[in-house]
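K.L.:
Structure file start-v6.tsv, TSV, C-alpha atoms and all ligand atoms, is pasted below:
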chain	number	residue	atom	x	y	z
V	105	ARG	CA	-11.36	-67.36	-99.99
V	106	MET	CA	-10.60	-65.26	-102.98
V	107	THR	CA	-12.99	-65.37	-105.87
V	108	PHE	CA	-12.25	-63.52	-109.03
V	109	VAL	CA	-13.58	-63.26	-112.51
V	110	VAL	CA	-11.39	-64.52	-115.30
V	111	ALA	CA	-13.55	-63.13	-118.08
V	112	LEU	CA	-10.80	-60.88	-119.37
V	113	SER	CA	-8.35	-63.64	-120.15
V	114	THR	CA	-11.17	-65.65	-121.71
V	115	LEU	CA	-12.29	-62.70	-123.77
V	116	LEU	CA	-8.76	-62.09	-125.00
V	117	SER	CA	-8.40	-65.76	-125.88
V	118	ASN	CA	-11.71	-65.69	-127.74
V	119	VAL	CA	-10.64	-62.70	-129.74
V	120	ALA	CA	-7.43	-64.50	-130.69
V	121	TRP	CA	-9.10	-67.86	-131.37
V	122	ALA	CA	-12.59	-66.93	-132.50
V	123	ALA	CA	-13.15	-70.43	-133.90
V	124	ASN	CA	-13.97	-71.87	-130.52
V	125	PRO	CA	-16.75	-70.25	-128.48
V	126	LEU	CA	-16.02	-72.44	-125.48
V	127	ASN	CA	-12.47	-71.41	-124.86
V	128	PHE	CA	-11.74	-71.85	-121.21
V	129	GLY	CA	-9.54	-69.11	-119.79
V	130	SER	CA	-7.72	-69.33	-116.50
V	131	ASP	CA	-4.55	-67.95	-115.01
V	132	ILE	CA	-3.47	-71.40	-113.82
V	133	LEU	CA	-2.91	-74.57	-115.81
V	134	THR	CA	-5.78	-76.96	-115.31
V	135	ALA	CA	-6.23	-80.56	-116.46
V	136	ASP	CA	-8.75	-83.42	-116.21
V	137	PRO	CA	-11.84	-81.15	-116.45
V	138	SER	CA	-15.06	-82.66	-115.14
V	139	GLY	CA	-18.18	-80.66	-116.05
V	140	HIS	CA	-21.50	-80.66	-114.20
V	141	VAL	CA	-24.65	-78.57	-114.38
V	142	TRP	CA	-26.39	-78.40	-110.99
V	143	GLN	CA	-29.83	-77.09	-109.95
V	144	ASP	CA	-28.96	-73.44	-110.61
V	145	GLY	CA	-28.28	-74.15	-114.29
V	146	ARG	CA	-24.64	-73.01	-114.13
V	147	MET	CA	-21.83	-75.09	-115.53
V	148	TYR	CA	-19.32	-76.13	-112.86
V	149	LEU	CA	-15.92	-77.40	-113.89
V	150	TYR	CA	-13.86	-79.43	-111.41
V	151	THR	CA	-10.22	-79.72	-112.42
V	152	SER	CA	-6.82	-80.89	-111.32
V	153	HIS	CA	-3.97	-78.37	-111.40
V	154	ASP	CA	-0.68	-78.70	-113.25
V	155	GLU	CA	2.14	-76.99	-111.39
V	156	ASN	CA	4.80	-75.21	-113.37
V	157	CYS	CA	7.45	-77.76	-114.43
V	158	GLN	CA	5.92	-80.43	-112.25
V	159	LEU	CA	7.71	-83.75	-112.01
V	160	ASP	CA	5.91	-87.03	-112.62
V	161	PHE	CA	2.48	-85.45	-112.18
V	162	TRP	CA	3.17	-84.42	-108.60
V	163	MET	CA	0.03	-82.35	-108.19
V	164	LYS	CA	-1.26	-80.81	-105.00
V	165	ASP	CA	-4.76	-79.34	-105.25
V	166	TRP	CA	-8.07	-79.25	-107.11
V	167	HIS	CA	-9.94	-76.20	-108.46
V	168	VAL	CA	-13.50	-75.26	-109.42
V	169	PHE	CA	-14.68	-72.80	-112.06
V	170	SER	CA	-18.24	-71.90	-113.02
V	171	SER	CA	-20.05	-70.11	-115.82
V	172	ASP	CA	-23.58	-69.43	-116.99
V	173	ASP	CA	-22.62	-68.85	-120.64
V	174	LEU	CA	-19.39	-70.87	-121.12
V	175	ILE	CA	-17.61	-67.64	-122.01
V	176	ASN	CA	-17.31	-65.75	-118.74
V	177	TRP	CA	-15.87	-68.01	-116.07
V	178	VAL	CA	-15.57	-67.45	-112.33
V	179	ASP	CA	-12.51	-69.01	-110.71
V	180	HIS	CA	-13.53	-70.26	-107.27
V	181	GLY	CA	-9.97	-71.16	-106.37
V	182	ALA	CA	-8.62	-74.34	-104.78
V	183	VAL	CA	-11.41	-76.31	-103.12
V	184	LEU	CA	-9.34	-79.14	-101.66
V	185	SER	CA	-5.64	-79.82	-101.32
V	186	VAL	CA	-3.60	-82.88	-100.35
V	187	ASP	CA	-2.43	-80.86	-97.32
V	188	GLN	CA	-5.94	-81.36	-95.92
V	189	LEU	CA	-5.80	-85.16	-96.22
V	190	SER	CA	-4.53	-87.44	-93.48
V	191	TRP	CA	-3.84	-90.33	-95.84
V	192	ALA	CA	-2.12	-88.78	-98.88
V	193	ASP	CA	0.34	-86.03	-99.67
V	194	ASN	CA	0.57	-86.06	-103.45
V	195	TYR	CA	-1.03	-87.01	-106.77
V	196	ALA	CA	-4.06	-84.71	-106.71
V	197	TRP	CA	-5.24	-86.21	-110.00
V	198	ALA	CA	-8.47	-86.30	-111.97
V	199	PRO	CA	-11.50	-85.47	-109.80
V	200	ASP	CA	-15.25	-85.70	-110.27
V	201	ALA	CA	-18.33	-84.47	-108.40
V	202	GLY	CA	-21.95	-85.36	-107.68
V	203	TYR	CA	-25.03	-83.90	-105.98
V	204	LYS	CA	-27.29	-85.95	-103.74
V	205	ASN	CA	-29.65	-85.30	-100.81
V	206	GLY	CA	-28.77	-81.60	-100.68
V	207	LYS	CA	-24.99	-82.12	-100.57
V	208	TYR	CA	-22.21	-81.88	-103.10
V	209	TYR	CA	-19.67	-84.69	-103.26
V	210	PHE	CA	-16.17	-84.45	-104.61
V	211	VAL	CA	-14.38	-87.69	-105.49
V	212	PHE	CA	-10.67	-87.60	-106.06
V	213	PRO	CA	-7.59	-89.79	-106.44
V	214	ALA	CA	-4.60	-89.03	-104.21
V	215	GLY	CA	-1.59	-90.92	-102.99
V	216	THR	CA	1.82	-91.16	-101.45
V	217	GLY	CA	5.30	-92.46	-102.25
V	218	HIS	CA	7.37	-92.24	-105.42
V	219	LYS	CA	7.83	-94.09	-108.63
V	220	ASP	CA	11.32	-95.44	-109.19
V	221	ARG	CA	11.59	-95.77	-112.95
V	222	ALA	CA	15.07	-97.27	-112.92
V	223	ASN	CA	14.17	-99.85	-110.26
V	224	PRO	CA	10.42	-100.44	-110.42
V	225	GLU	CA	10.63	-102.94	-107.55
V	226	LYS	CA	11.71	-100.05	-105.33
V	227	SER	CA	8.70	-97.91	-106.23
V	228	THR	CA	6.63	-96.89	-103.23
V	229	LYS	CA	3.93	-95.02	-105.12
V	230	TRP	CA	0.37	-95.79	-104.11
V	231	MET	CA	-2.96	-94.17	-104.96
V	232	GLY	CA	-6.50	-94.50	-103.59
V	233	ILE	CA	-9.82	-92.73	-104.02
V	234	GLY	CA	-11.38	-90.38	-101.48
V	235	ILE	CA	-14.69	-88.58	-101.20
V	236	ALA	CA	-15.20	-85.14	-99.64
V	237	GLU	CA	-18.40	-83.17	-99.12
V	238	SER	CA	-19.72	-79.63	-98.99
V	239	ASP	CA	-23.01	-77.73	-98.82
V	240	SER	CA	-21.83	-75.67	-101.78
V	241	PRO	CA	-20.86	-76.74	-105.33
V	242	THR	CA	-17.77	-74.59	-105.00
V	243	GLY	CA	-16.62	-76.08	-101.72
V	244	PRO	CA	-14.55	-75.95	-99.67
V	245	PHE	CA	-14.83	-79.75	-99.59
V	246	VAL	CA	-14.08	-81.66	-96.41
V	247	ASP	CA	-12.78	-85.22	-96.24
V	248	VAL	CA	-15.25	-86.25	-93.54
V	249	ILE	CA	-14.31	-89.95	-93.64
V	250	GLY	CA	-10.58	-89.27	-93.30
V	251	ALA	CA	-9.65	-92.39	-95.27
V	252	PRO	CA	-9.82	-93.54	-98.87
V	253	LEU	CA	-12.94	-95.40	-100.06
V	254	TRP	CA	-10.74	-97.86	-101.86
V	255	ARG	CA	-7.06	-98.29	-101.26
V	256	GLU	CA	-5.92	-101.72	-102.40
V	257	PRO	CA	-3.95	-102.20	-104.44
V	258	TYR	CA	-4.25	-99.04	-106.56
V	259	ALA	CA	-7.11	-96.86	-107.79
V	260	ASN	CA	-7.26	-93.73	-109.92
V	261	ASP	CA	-9.53	-91.49	-111.99
V	262	PRO	CA	-12.91	-91.77	-110.24
V	263	SER	CA	-16.08	-90.95	-112.14
V	264	LEU	CA	-19.23	-90.53	-110.07
V	265	PHE	CA	-22.52	-91.16	-111.87
V	266	ILE	CA	-25.84	-90.65	-110.08
V	267	ASP	CA	-28.78	-92.20	-111.88
V	268	ASP	CA	-32.31	-90.74	-112.05
V	269	ASP	CA	-33.39	-93.01	-109.15
V	270	GLY	CA	-30.69	-91.48	-106.92
V	271	GLN	CA	-28.38	-94.52	-106.94
V	272	ALA	CA	-24.74	-93.41	-107.17
V	273	TYR	CA	-22.11	-95.48	-108.97
V	274	LEU	CA	-18.37	-94.96	-108.65
V	275	TYR	CA	-16.24	-95.95	-111.64
V	276	PHE	CA	-12.45	-95.91	-111.66
V	277	HIS	CA	-9.49	-97.76	-113.01
V	278	GLY	CA	-7.53	-100.07	-110.80
V	279	LYS	CA	-4.33	-102.03	-111.01
V	280	GLY	CA	-3.53	-103.13	-114.54
V	281	PHE	CA	-5.81	-100.36	-115.82
V	282	ASP	CA	-8.90	-102.53	-115.57
V	283	TYR	CA	-12.13	-100.64	-115.01
V	284	TYR	CA	-14.15	-101.18	-111.85
V	285	VAL	CA	-17.57	-100.02	-110.66
V	286	ILE	CA	-19.15	-100.08	-107.23
V	287	LYS	CA	-22.45	-98.78	-105.85
V	288	MET	CA	-22.27	-96.01	-103.27
V	289	ALA	CA	-24.38	-96.33	-100.13
V	290	ASP	CA	-27.15	-93.77	-99.69
V	291	ASP	CA	-25.07	-91.73	-97.21
V	292	MET	CA	-22.31	-91.41	-99.84
V	293	ARG	CA	-19.72	-92.17	-97.17
V	294	SER	CA	-19.32	-95.86	-97.87
V	295	THR	CA	-19.65	-98.37	-100.68
V	296	GLU	CA	-22.22	-101.12	-101.07
V	297	GLY	CA	-21.51	-104.66	-102.26
V	298	ASP	CA	-18.48	-105.67	-104.23
V	299	PHE	CA	-16.18	-103.86	-106.58
V	300	ILE	CA	-17.14	-105.25	-109.97
V	301	LYS	CA	-14.53	-105.53	-112.68
V	302	MET	CA	-16.42	-104.25	-115.68
V	303	ASP	CA	-17.36	-106.54	-118.52
V	304	MET	CA	-16.40	-104.54	-121.60
V	305	GLY	CA	-18.06	-106.91	-124.08
V	306	GLY	CA	-14.98	-108.90	-124.97
V	307	TYR	CA	-12.65	-105.90	-125.22
V	308	GLU	CA	-9.98	-105.57	-122.57
V	309	PRO	CA	-9.26	-101.87	-122.53
V	310	LYS	CA	-6.27	-100.99	-120.34
V	311	MET	CA	-6.98	-97.34	-119.94
V	312	GLU	CA	-7.55	-94.46	-117.57
V	313	GLY	CA	-10.09	-91.65	-117.21
V	314	PRO	CA	-13.58	-93.22	-117.39
V	315	TRP	CA	-16.66	-91.01	-117.71
V	316	VAL	CA	-20.28	-92.15	-117.51
V	317	PHE	CA	-23.39	-90.24	-118.56
V	318	LYS	CA	-26.95	-91.00	-119.63
V	319	ARG	CA	-28.85	-89.61	-122.61
V	320	ASN	CA	-32.30	-90.79	-123.78
V	321	ASP	CA	-32.09	-93.95	-121.63
V	322	ILE	CA	-28.73	-94.95	-123.13
V	323	TYR	CA	-25.78	-95.17	-120.72
V	324	TYR	CA	-22.46	-94.06	-122.18
V	325	PHE	CA	-19.06	-95.12	-120.90
V	326	THR	CA	-16.38	-92.96	-122.50
V	327	MET	CA	-12.63	-93.23	-122.02
V	328	PRO	CA	-9.24	-92.47	-123.57
V	329	GLU	CA	-8.39	-95.67	-125.40
V	330	ASN	CA	-4.64	-96.36	-125.21
V	331	ASN	CA	-4.77	-93.32	-122.88
V	332	ARG	CA	-5.08	-91.23	-126.01
V	333	GLU	CA	-8.01	-91.19	-128.48
V	334	LEU	CA	-11.47	-90.92	-126.92
V	335	ALA	CA	-13.66	-93.99	-127.43
V	336	TYR	CA	-17.02	-95.08	-126.05
V	337	TYR	CA	-19.29	-97.94	-125.12
V	338	THR	CA	-23.06	-97.96	-124.60
V	339	ALA	CA	-25.30	-100.06	-122.36
V	340	PRO	CA	-28.92	-100.31	-121.21
V	341	SER	CA	-27.87	-100.04	-117.55
V	342	PRO	CA	-25.08	-98.35	-115.54
V	343	LEU	CA	-23.53	-101.75	-114.90
V	344	GLY	CA	-23.46	-102.84	-118.55
V	345	PRO	CA	-23.23	-105.03	-120.50
V	346	TRP	CA	-21.13	-102.56	-122.46
V	347	GLN	CA	-20.94	-102.58	-126.22
V	348	TYR	CA	-17.98	-100.99	-127.95
V	349	GLN	CA	-18.97	-98.14	-130.33
V	350	GLY	CA	-15.63	-96.75	-131.49
V	351	VAL	CA	-13.49	-93.63	-131.36
V	352	PHE	CA	-15.06	-90.16	-131.38
V	353	MET	CA	-11.96	-87.98	-130.94
V	354	GLU	CA	-8.49	-88.73	-132.28
V	355	SER	CA	-5.41	-88.32	-130.12
V	356	GLU	CA	-3.14	-85.31	-130.21
V	357	HIS	CA	0.60	-85.14	-129.51
V	358	ASP	CA	0.52	-88.77	-128.34
V	359	SER	CA	-0.48	-87.52	-124.90
V	360	ASN	CA	-3.20	-88.32	-122.38
V	361	ASN	CA	-6.63	-86.78	-122.78
V	362	HIS	CA	-8.87	-86.77	-119.73
V	363	HIS	CA	-12.41	-85.63	-120.51
V	364	SER	CA	-16.06	-85.28	-119.50
V	365	ILE	CA	-19.34	-84.89	-121.40
V	366	VAL	CA	-22.29	-82.91	-120.09
V	367	GLN	CA	-25.51	-81.31	-121.31
V	368	PHE	CA	-25.71	-77.52	-121.01
V	369	LYS	CA	-29.07	-76.03	-122.01
V	370	ASP	CA	-29.76	-77.50	-125.49
V	371	ASP	CA	-26.14	-78.37	-126.20
V	372	TRP	CA	-23.81	-81.17	-125.22
V	373	ILE	CA	-20.27	-80.19	-124.32
V	374	LEU	CA	-17.05	-82.19	-124.32
V	375	PHE	CA	-14.42	-80.91	-121.89
V	376	TYR	CA	-10.89	-82.26	-122.31
V	377	HIS	CA	-7.33	-81.06	-121.94
V	378	ARG	CA	-4.66	-80.10	-124.43
V	379	TRP	CA	-0.91	-79.88	-124.00
V	380	LEU	CA	1.18	-76.73	-123.97
V	381	GLU	CA	4.86	-76.29	-124.53
V	382	THR	CA	6.12	-74.87	-121.29
V	383	PRO	CA	7.03	-71.19	-121.45
V	384	ASP	CA	10.09	-71.95	-119.29
V	385	ALA	CA	12.96	-73.09	-121.51
V	386	ASN	CA	14.80	-74.52	-118.50
V	387	CYS	CA	11.93	-76.73	-117.53
V	388	ASP	CA	12.68	-80.40	-118.19
V	389	ALA	CA	9.13	-81.60	-117.84
V	390	ARG	CA	8.09	-80.21	-121.20
V	391	LYS	CA	5.08	-82.47	-121.53
V	392	ARG	CA	3.71	-81.77	-118.09
V	393	GLN	CA	1.76	-78.61	-118.90
V	394	ARG	CA	-1.89	-78.96	-119.76
V	395	HIS	CA	-4.88	-76.66	-120.11
V	396	SER	CA	-8.60	-77.34	-120.17
V	397	ALA	CA	-10.53	-76.96	-123.40
V	398	ALA	CA	-14.03	-77.67	-124.72
V	399	GLU	CA	-15.91	-78.55	-127.90
V	400	TYR	CA	-19.56	-79.00	-128.82
V	401	ILE	CA	-20.44	-82.66	-129.23
V	402	TYR	CA	-23.28	-84.01	-131.41
V	403	PHE	CA	-25.24	-87.24	-131.55
V	404	ASN	CA	-26.83	-89.11	-134.44
V	405	ASP	CA	-30.53	-90.08	-134.25
V	406	ASP	CA	-29.60	-93.60	-133.08
V	407	GLY	CA	-27.60	-92.17	-130.16
V	408	THR	CA	-24.15	-92.74	-131.62
V	409	ILE	CA	-21.64	-89.93	-131.13
V	410	LYS	CA	-20.45	-87.91	-134.13
V	411	LYS	CA	-16.69	-87.51	-134.56
V	412	VAL	CA	-15.39	-84.43	-132.75
V	413	ASN	CA	-12.69	-82.27	-134.31
V	414	ARG	CA	-10.60	-80.01	-132.13
V	415	THR	CA	-11.06	-76.33	-132.84
V	416	GLU	CA	-8.32	-73.84	-132.06
V	417	HIS	CA	-7.85	-72.84	-128.42
C	1	LIG	O1	-3.68	-85.53	-114.28
C	1	LIG	C1	-3.06	-86.71	-113.81
C	1	LIG	C2	-3.48	-87.90	-114.61
C	1	LIG	O2	-3.18	-87.71	-115.99
C	1	LIG	C3	-4.96	-88.21	-114.59
C	1	LIG	O3	-5.40	-88.84	-113.44
C	1	LIG	C4	-5.06	-89.04	-115.83
C	1	LIG	O4	-6.38	-89.27	-116.25
C	1	LIG	C5	-4.24	-88.23	-116.79
C	1	LIG	O5	-4.99	-87.16	-117.30
What do you get writing this file as structure tokens?

P.N.:
Amino acid sequence: RMTFVVALSTLLSNVAWAANPLNFGSDILTADPSGHVWQDGRMYLYTSHDENCQLDFWMKDWHVFSSDDLINWVDHGAVLSVDQLSWADNYAWAPDAGYKNGKYYFVFPAGTGHKDRANPEKSTKWMGIGIAESDSPTGPFVDVIGAPLWREPYANDPSLFIDDDGQAYLYFHGKGFDYYVIKMADDMRSTEGDFIKMDMGGYEPKMEGPWVFKRNDIYYFTMPENNRELAYYTAPSPLGPWQYQGVFMESEHDSNNHHSIVQFKDDWILFYHRWLETPDANCDARKRQRHSAAEYIYFNDDGTIKKVNRTEH
């Protein structure tokens, strides 16, 4: 597998856009960045991959990048592709990862079929959530189970949160864009108990892209409200009850914004994606080109999140 350093492109970008020290350079278009810091203290970023001029988010593989200073990034290449799945051939969408019992786990949505916009009743598109594993944070990841963890009727955008006691929770959005959570069994190859539709404290968010993290004993559930601006809830446990806290990043270009939040050394970092005009004038899918970006994120003394402004990337 080819590994190469992408520091040069990052350096060039940083020179051009000095306002943002976390500019994420890559020679491919990445989206849905999910950041994690593992035992070695490096930042690992798990992303989906926008193809040039892709249609309807037909996406085929997932990538991993890592850095120990958030400036120089190593591109570890594609770590899993839909070609390696027996149950899906498309929709390699927003992934996440976790570490437990000496193994790295990669959770991902994937699917089959097509959307028929003119005749929705003829749509055959379906998506489920899989889990693959590896001894290395940079893969390659193997779909050991060979089947989705959850396949009915529709599931997308998994977020894997592993609490301090080792219990893993899988969050995702299902049909109707309701959020669900389920406990993972200790072997991380099956689920435990029921899928719980989350109680969002009276709100009924119909959204995608959940992310869960813990800071100072507060659990945070963050998500793109209306699929756009980033909002958050807090709770005293990973299962809620969740209390709405408001928006911490406004939307941009009326487009989706998948994100993650992670501590790196003494800082907290927000990874998200921005939208690029395609360089190909003949490309119809003008809004289908995204790139990963990052900002510092700050908290108030009571744990609430300060508003985040985008810096130039
Ligand atoms: O990248 C494909 C999809 O777009 C993701 O699953 C959503 O969260 C949105 O970012």

K.L.:
Go through V:Ser227, V:Tyr323, V:Phe212, V:Pro241 one by one, measure the shortest atom-to-atom distance of each to Phe276 of chain V using all atoms listed in the file, and give the residue with the smallest value.

P.N.:
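For Phe276 of chain V, the nearest of the given residues is V:Phe212.
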
K.L.:
Name the residues, by chain letter and number, that sit within 7 Å of ligand LIG 1 (chain C) using only C-alpha atoms and all ligand atoms, and give them as a CSV table (one decimal) with C-alpha atoms, in the frame of the given file.

P.N.:
chain,number,residue,atom,x,y,z
V,135,ALA,CA,-6.2,-80.6,-116.5
V,136,ASP,CA,-8.8,-83.4,-116.2
V,152,SER,CA,-6.8,-80.9,-111.3
V,161,PHE,CA,2.5,-85.4,-112.2
V,197,TRP,CA,-5.2,-86.2,-110.0
V,198,ALA,CA,-8.5,-86.3,-112.0
V,260,ASN,CA,-7.3,-93.7,-109.9
V,261,ASP,CA,-9.5,-91.5,-112.0
V,312,GLU,CA,-7.6,-94.5,-117.6
V,313,GLY,CA,-10.1,-91.6,-117.2
V,360,ASN,CA,-3.2,-88.3,-122.4
V,361,ASN,CA,-6.6,-86.8,-122.8
V,362,HIS,CA,-8.9,-86.8,-119.7

K.L.:
When you draw a straight line from atom CA of Asn205 of chain V to atom CA of Val246 of chain V, how long is it in Å?

P.N.:
16.6 Å

K.L.:
List as a VMD selection string the protein and nucleic acid residues near Gly250 of chain V, meaning an atom at most 8 Å away when all atoms listed in the file are counted, but skip any in the same chain fewer than 6 places from it.

P.N.:
chain V and resid 189 to 191

K.L.:
Do a neighbour search on Pro262 of chain V at 12 Å with all atoms listed in the file, toss out local chain neighbours closer than 4 positions, and write the hits as number ranges by chain.

P.N.:
V: 136, 138, 196-202, 210-214, 231-235, 252-254, 258, 273-278, 283-286, 312-316, 327, 362-364

K.L.:
Give me, please, the distance in Å between atom CA of Asp239 of chain V and atom CA of Leu343 of chain V, quoted to one decimal.

P.N.:
28.9 Å

K.L.:
One decimal, in Å: what's the spacing between atom CA of Thr242 of chain V and atom CA of Ile132 of chain V?

P.N.:
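Answer for the atom CA of Thr242 of chain V to atom CA of Ile132 of chain V separation: 17.1 Å.
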
K.L.:
Using only C-alpha atoms, which of V:Val183, V:Ala222, V:Leu374, V:Ile175 sits nearest Ser238 of chain V?

P.N.:
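Checking each candidate against Ser238 of chain V, we get V:Val183 as the closest.
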
K.L.:
Find the spatial neighbours of Tyr307 of chain V, counting only C-alpha atoms, within a cut-off of 12 Å - ignore same-chain residues fewer than 6 positions away - and output them as a PyMOL selection string.

P.N.:
chain V and resi 282-283+329+336-337+345-350

K.L.:
Counting all atoms listed in the file, what is within 7 Å of Tyr402 of chain V, bar same-chain residues fewer than 4 positions away, as a PDB file with C-alpha atoms, keeping the file's coordinate frame?

P.N.:
ATOM      1  CA  TRP V 372     -23.810 -81.170-125.220  1.00  0.00           C
ATOM      2  CA  ILE V 409     -21.640 -89.930-131.130  1.00  0.00           C
ATOM      3  CA  LYS V 410     -20.450 -87.910-134.130  1.00  0.00           C
TER       4      LYS V 410
END

K.L.:
In terms of the shortest atom-to-atom distance over all atoms listed in the file, which of V:Val412, V:Ala272, V:Val366, V:Val186 is closest to Ala335 of chain V?

P.N.:
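So, comparing all the options, the nearest one is V:Val412.
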
K.L.:
Go ahead and find all residues with at least one atom no further than 8 Å from (-8.7, -82.8, -126.8) in the file's coordinates, using all atoms listed in the file; report them as a list in words.

P.N.:
Met353, Ser355, Glu356, Asn361, His363, Phe375, Tyr376, His377, Arg378, Ala397, Ala398 and Arg414 of chain V

K.L.:
Okay, now the selection with C-alpha atoms, as an mmCIF file, in the coordinates of the input?

P.N.:
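Resulting contents of selection00.cif:
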data_model
loop_
_atom_site.group_PDB
_atom_site.id
_atom_site.type_symbol
_atom_site.label_atom_id
_atom_site.label_comp_id
_atom_site.auth_asym_id
_atom_site.auth_seq_id
_atom_site.Cartn_x
_atom_site.Cartn_y
_atom_site.Cartn_z
ATOM 1 C CA MET V 353 -11.960 -87.980 -130.940
ATOM 2 C CA SER V 355 -5.410 -88.320 -130.120
ATOM 3 C CA GLU V 356 -3.140 -85.310 -130.210
ATOM 4 C CA ASN V 361 -6.630 -86.780 -122.780
ATOM 5 C CA HIS V 363 -12.410 -85.630 -120.510
ATOM 6 C CA PHE V 375 -14.420 -80.910 -121.890
ATOM 7 C CA TYR V 376 -10.890 -82.260 -122.310
ATOM 8 C CA HIS V 377 -7.330 -81.060 -121.940
ATOM 9 C CA ARG V 378 -4.660 -80.100 -124.430
ATOM 10 C CA ALA V 397 -10.530 -76.960 -123.400
ATOM 11 C CA ALA V 398 -14.030 -77.670 -124.720
ATOM 12 C CA ARG V 414 -10.600 -80.010 -132.130
#

K.L.:
Give me the residues near Glu155 of chain V as a list of chain:residue names, where near means some atom within 9 Å (using all atoms listed in the file) and where sequence neighbours in that chain fewer than 6 positions away do not count.

P.N.:
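Using all atoms listed in the file, the neighbours found are V:Ile132, V:Leu133, V:Thr134, V:Phe161, V:Trp162, V:Met163, V:Lys164, V:Arg392, V:Gln393.
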